[in-house]
Amino acid sequence: MTEHIKNIINLLKKDLLLEIRQQYTFYGVLLYVVSTIFVLYLSMGQPEGPVWKGLFWMIQLFICVNAVAKSFLQEGRGRLLYFYSIAGARDFILSKLLFNALLMLVMSLLSLALFLFMLGNPMGHEGYFILISCLGGVSLSLVFTFLAALAARAQQGAALMAILGFPLVIPQLMLLNRVSTIAFEDVLQGGLGWMLAILFGLDVLLIALALILFPFLWKD
Amino acid sequence: MLRQTWWKILCVLLLAYTVIGGFLGPVPAKPIVNETIRNLYFHVAMWFSMMVFLTVSAVYAIRYLRRPNHVDDIYSLEYAKAGIVFGTLGLITGSEWAGFTWGAFWSNDPKQLGAMIAMLIYYAYLVFRNGMPDIDKRARLGAVYNIFAFAMLFPTLWILPRLVESLHPGGLGGNPAFKDSDPRMAAVFWGGAVPGWCLLGVWITTLRIRLKLLAEKKLSNI
């Protein structure tokens, strides 16, 4: 058990170190975030609450596709083989899930700050929305990490990931959009607690599926 | 393989019972739905069959992952295709029913949305498979995606629509449907429609599987 944890931490450290040294994904995605939100601001101005919310989640979706796509494509065949032989498939996918969740956490918070700065603040309770956007970013990253692994094994780029991923994330996006009404309205809808519980449940399901199915993916 | 005739004759008899009993049999006169309630034998039975076929497809996908065997992959793919056809028919019959009872062919009902999402997920399965030229890789990655898609069916079809108000039965608003179902209708539905449509789907799928296996055999002989 402790060995697995050590492996995961080492792999995570390696990813973080590469990120700090190359500064490729982070600044690339950051530029993408800033320019998309700026284009949105130019075309939409400062929209009302429901539009703001819808735009925010759609932008999160596109940011996630771009941020997560590289995580498996950057590793060559030989290097992947090396990781599998020293750490095993489950440790590897867990470290990737963790890294991408961290990356999306940062990106969600940054894009939220940019949204508030450029598209205005139609919310009444920002605190709730910060928490929900963290949860949303992590949930989206879990789906797309697994799909990035699938797409990388199929030797296809980010386009395939988008084709596979968009239908799969609709339930999550619908839930997130509904849950985030907490931040906009004083009157609470019924069933929000259940929706949060289901979002968490979905995350657990996704992690479990990734752990079960990933060992079958990397075998050649 | 089930190369026997008795269940095919049974299938035809059950479907004849469904169609004749469905269109001519007695139904309770309920407000709004009136005679459209006969669509129950077609629309709801489609979803039952779809779930059966997609489950069988996922089971064959799991079998393939446990022990790679090309025949299991063909079974998995063909059952998934049958499930997709029945699901699409379920969407069409449902939309038709909605048009005459709820006033619009598409009314953004959560269950309609869930069904549409489920179908999109499975269409993506077919697109994904076609994108890979290598047979073994296609089979393995297809099986992985199939299991993933099957797991995602439960939140989209069974959990999410139940949390919000829906015109369908099972949601928060009140559409009681099955709670006060008529015993005469239950006989046609459970005795004819559900097993009949399931058998028809199995029949179609086994024919397609046999065709594929024959094609493979011919190719390998050249």
# chains A, B, ... in the order shown; residues from 1 in each chain; ligands from 1
call {"tool": "closest_atom_pairs", "arguments": {"of": "chain B", "to": "chain A", "cutoff": "9 Å", "atoms": "only C-alpha atoms", "output": "Markdown table"}}
result
| residue | atom | partner | partner_atom | distance |
| --- | --- | --- | --- | --- |
| B:Leu65 | CA | A:Phe216 | CA | 7.0 |
| B:Gly114 | CA | A:Pro171 | CA | 7.9 |
| B:Ile117 | CA | A:Pro167 | CA | 6.0 |
| B:Ala118 | CA | A:Pro167 | CA | 7.8 |
| B:Met119 | CA | A:Pro167 | CA | 8.8 |
| B:Leu120 | CA | A:Pro167 | CA | 5.8 |
| B:Ile121 | CA | A:Pro167 | CA | 5.3 |
| B:Tyr122 | CA | A:Pro167 | CA | 9.0 |
| B:Ala124 | CA | A:Leu164 | CA | 5.6 |
| B:Tyr125 | CA | A:Leu164 | CA | 7.6 |
| B:Val127 | CA | A:Ile163 | CA | 8.5 |
| B:Phe128 | CA | A:Leu164 | CA | 7.3 |
| B:Gly131 | CA | A:Ala154 | CA | 8.0 |
| B:Met132 | CA | A:Ala154 | CA | 6.5 |
| B:Lys137 | CA | A:Ala154 | CA | 7.5 |
| B:Arg138 | CA | A:Ala154 | CA | 8.0 |
| B:Arg140 | CA | A:Leu217 | CA | 7.4 |
| B:Leu141 | CA | A:Leu217 | CA | 6.7 |
| B:Val144 | CA | A:Leu213 | CA | 6.3 |
| B:Tyr145 | CA | A:Leu150 | CA | 8.0 |
| B:Ile147 | CA | A:Leu213 | CA | 8.5 |
| B:Phe148 | CA | A:Leu209 | CA | 6.9 |
| B:Ala149 | CA | A:Leu168 | CA | 7.8 |
| B:Ala151 | CA | A:Leu205 | CA | 8.2 |
| B:Met152 | CA | A:Leu168 | CA | 7.4 |
| B:Pro155 | CA | A:Pro171 | CA | 7.7 |
| B:Thr156 | CA | A:Pro171 | CA | 6.2 |
| B:Ile159 | CA | A:Ile198 | CA | 8.5 |
| B:Leu160 | CA | A:Pro171 | CA | 7.8 |
| B:Leu163 | CA | A:Gly191 | CA | 6.8 |
| B:Val164 | CA | A:Gly191 | CA | 7.8 |
call {"tool": "write_last_selection", "arguments": {"atoms": "C-alpha atoms", "output": "PDB file, in the first residue's frame"}}
result
ATOM      1  CA  LEU B  65     -11.465  -8.039 -21.794  1.00  0.00           C
ATOM      2  CA  GLY B 114     -31.473  11.633 -20.793  1.00  0.00           C
ATOM      3  CA  ILE B 117     -27.715  11.782 -24.265  1.00  0.00           C
ATOM      4  CA  ALA B 118     -27.586   8.006 -23.888  1.00  0.00           C
ATOM      5  CA  MET B 119     -28.048   7.587 -27.621  1.00  0.00           C
ATOM      6  CA  LEU B 120     -25.349  10.182 -28.360  1.00  0.00           C
ATOM      7  CA  ILE B 121     -22.944   8.286 -26.075  1.00  0.00           C
ATOM      8  CA  TYR B 122     -23.586   5.083 -28.007  1.00  0.00           C
ATOM      9  CA  ALA B 124     -19.926   7.954 -30.259  1.00  0.00           C
ATOM     10  CA  TYR B 125     -19.105   4.277 -29.568  1.00  0.00           C
ATOM     11  CA  VAL B 127     -17.695   6.460 -34.433  1.00  0.00           C
ATOM     12  CA  PHE B 128     -14.856   5.585 -32.064  1.00  0.00           C
ATOM     13  CA  GLY B 131     -11.707   5.325 -36.319  1.00  0.00           C
ATOM     14  CA  MET B 132      -9.278   2.480 -35.662  1.00  0.00           C
ATOM     15  CA  LYS B 137      -6.952  -2.598 -30.827  1.00  0.00           C
ATOM     16  CA  ARG B 138     -10.432  -1.715 -32.080  1.00  0.00           C
ATOM     17  CA  ARG B 140     -10.082  -3.876 -26.946  1.00  0.00           C
ATOM     18  CA  LEU B 141     -10.599  -0.117 -26.871  1.00  0.00           C
ATOM     19  CA  VAL B 144     -13.345  -0.469 -22.706  1.00  0.00           C
ATOM     20  CA  TYR B 145     -15.491   2.363 -24.052  1.00  0.00           C
ATOM     21  CA  ILE B 147     -18.243  -0.670 -20.410  1.00  0.00           C
ATOM     22  CA  PHE B 148     -17.624   3.004 -19.654  1.00  0.00           C
ATOM     23  CA  ALA B 149     -20.697   4.017 -21.679  1.00  0.00           C
ATOM     24  CA  ALA B 151     -21.849   2.638 -16.567  1.00  0.00           C
ATOM     25  CA  MET B 152     -22.776   6.170 -17.623  1.00  0.00           C
ATOM     26  CA  PRO B 155     -26.950   8.249 -14.056  1.00  0.00           C
ATOM     27  CA  THR B 156     -28.337   9.589 -17.339  1.00  0.00           C
ATOM     28  CA  ILE B 159     -31.011   8.685 -11.632  1.00  0.00           C
ATOM     29  CA  LEU B 160     -31.003  12.191 -13.117  1.00  0.00           C
ATOM     30  CA  LEU B 163     -34.570  14.126  -9.395  1.00  0.00           C
ATOM     31  CA  VAL B 164     -36.447  16.781 -11.301  1.00  0.00           C
TER      32      VAL B 164
END
call {"tool": "residues_around", "arguments": {"residues": "segment 23-25 of chain A", "least_positions_apart": "2", "cutoff": "12 Å", "atoms": "only C-alpha atoms", "output": "MDAnalysis selection string"}}
result
chainID A and resid 15:21 27:33 63:64 66:71 73:74 100 103:104 107
call {"tool": "select_by_dssp", "arguments": {"residues": "segment 22-145 of chain B", "states": "alpha helix (DSSP H)", "output": "number ranges by chain"}}
result
B: 22-24, 40-66, 70-101, 110-130, 135-145
call {"tool": "residues_around", "arguments": {"residues": "Phe53 of chain B", "least_positions_apart": "6", "cutoff": "12 Å", "atoms": "only C-alpha atoms", "output": "ChimeraX atom specification"}}
result
/B:46-47,59-60,75-87,150,197-206
call {"tool": "residues_around", "arguments": {"residues": "Phe184 of chain A", "least_positions_apart": "4", "cutoff": "8 Å", "atoms": "only C-alpha atoms", "output": "list in words"}}
result
Gly49, Pro122, Met123, Gly124, His125 and Ser180 of chain A
call {"tool": "closest_residue", "arguments": {"among": "A:Asp203, A:Arg178, A:Leu105, A:Ala113", "to": "Ser139 of chain A", "atoms": "only C-alpha atoms"}}
result
A:Asp203
call {"tool": "atom_distance", "arguments": {"atom1": "atom CA of Gly76 of chain A", "atom2": "atom CA of Ser141 of chain A"}}
result
21.6 Å
call {"tool": "atom_distance", "arguments": {"atom1": "atom CA of Arg90 of chain A", "atom2": "atom CA of Tyr123 of chain B"}}
result
28.7 Å
call {"tool": "atom_distance", "arguments": {"atom1": "atom CA of Lys111 of chain B", "atom2": "atom CA of Pro161 of chain B"}}
result
5.2 Å
call {"tool": "closest_residue", "arguments": {"among": "B:Thr101, B:Leu113, B:Asn108, B:Lys217", "to": "Asn34 of chain B", "atoms": "only C-alpha atoms"}}
result
B:Thr101
call {"tool": "residues_around", "arguments": {"residues": "Glu35 of chain B", "least_positions_apart": "3", "cutoff": "12 Å", "atoms": "only C-alpha atoms", "output": "ChimeraX atom specification"}}
result
/B:22-32,38-40,97,100-101
call {"tool": "write_last_selection", "arguments": {"atoms": "N, CA and C atoms", "output": "CSV table (one decimal), in the first residue's frame"}}
result
chain,number,residue,atom,x,y,z
B,22,GLY,N,-52.9,-5.0,-28.9
B,22,GLY,CA,-52.6,-3.6,-28.6
B,22,GLY,C,-53.6,-2.7,-29.3
B,23,PHE,N,-53.9,-3.0,-30.5
B,23,PHE,CA,-54.8,-2.0,-31.3
B,23,PHE,C,-56.3,-2.3,-31.0
B,24,LEU,N,-56.7,-3.6,-30.7
B,24,LEU,CA,-58.1,-3.9,-30.6
B,24,LEU,C,-58.5,-4.1,-29.1
B,25,GLY,N,-57.5,-4.4,-28.3
B,25,GLY,CA,-57.9,-4.8,-26.9
B,25,GLY,C,-58.5,-3.6,-26.1
B,26,PRO,N,-59.1,-4.0,-25.0
B,26,PRO,CA,-59.7,-2.9,-24.1
B,26,PRO,C,-58.6,-2.1,-23.4
B,27,VAL,N,-58.8,-0.8,-23.3
B,27,VAL,CA,-57.8,0.0,-22.5
B,27,VAL,C,-58.7,0.9,-21.7
B,28,PRO,N,-58.2,1.3,-20.5
B,28,PRO,CA,-59.0,2.3,-19.7
B,28,PRO,C,-59.0,3.6,-20.3
B,29,ALA,N,-60.2,4.3,-20.2
B,29,ALA,CA,-60.3,5.6,-20.8
B,29,ALA,C,-59.8,6.6,-19.8
B,30,LYS,N,-58.5,7.1,-20.1
B,30,LYS,CA,-58.0,8.1,-19.1
B,30,LYS,C,-57.9,9.5,-19.8
B,31,PRO,N,-58.1,10.5,-19.0
B,31,PRO,CA,-58.0,11.9,-19.6
B,31,PRO,C,-56.7,12.1,-20.2
B,32,ILE,N,-56.6,13.0,-21.2
B,32,ILE,CA,-55.5,13.4,-22.0
B,32,ILE,C,-54.9,12.3,-22.8
B,38,ARG,N,-52.2,3.1,-26.0
B,38,ARG,CA,-51.8,1.9,-26.7
B,38,ARG,C,-50.3,2.0,-27.1
B,39,ASN,N,-49.8,3.2,-27.1
B,39,ASN,CA,-48.3,3.3,-27.5
B,39,ASN,C,-47.4,2.7,-26.4
B,40,LEU,N,-48.0,2.4,-25.2
B,40,LEU,CA,-47.2,1.8,-24.2
B,40,LEU,C,-46.6,0.5,-24.7
B,97,TRP,N,-45.6,10.1,-29.3
B,97,TRP,CA,-46.6,10.1,-28.2
B,97,TRP,C,-46.7,11.5,-27.5
B,100,PHE,N,-48.8,14.1,-29.3
B,100,PHE,CA,-50.3,14.1,-29.2
B,100,PHE,C,-50.8,14.2,-27.8
B,101,THR,N,-50.0,14.1,-26.8
B,101,THR,CA,-50.5,14.2,-25.4
B,101,THR,C,-49.9,15.5,-24.7
call {"tool": "residues_around", "arguments": {"residues": "Gly192 of chain B", "least_positions_apart": "3", "cutoff": "6 Å", "atoms": "only C-alpha atoms", "output": "list in words"}}
result
Leu14, Thr18, Val188, Phe189 and Gly196 of chain B
call {"tool": "write_last_selection", "arguments": {"atoms": "C-alpha atoms", "output": "PDB file, in the first residue's frame"}}
result
ATOM      1  CA  LEU B  14     -46.053 -12.718 -29.353  1.00  0.00           C
ATOM      2  CA  THR B  18     -49.022  -7.405 -29.179  1.00  0.00           C
ATOM      3  CA  VAL B 188     -50.469  -7.508 -23.287  1.00  0.00           C
ATOM      4  CA  PHE B 189     -47.466  -5.493 -22.098  1.00  0.00           C
ATOM      5  CA  GLY B 196     -41.855 -10.172 -28.204  1.00  0.00           C
TER       6      GLY B 196
END
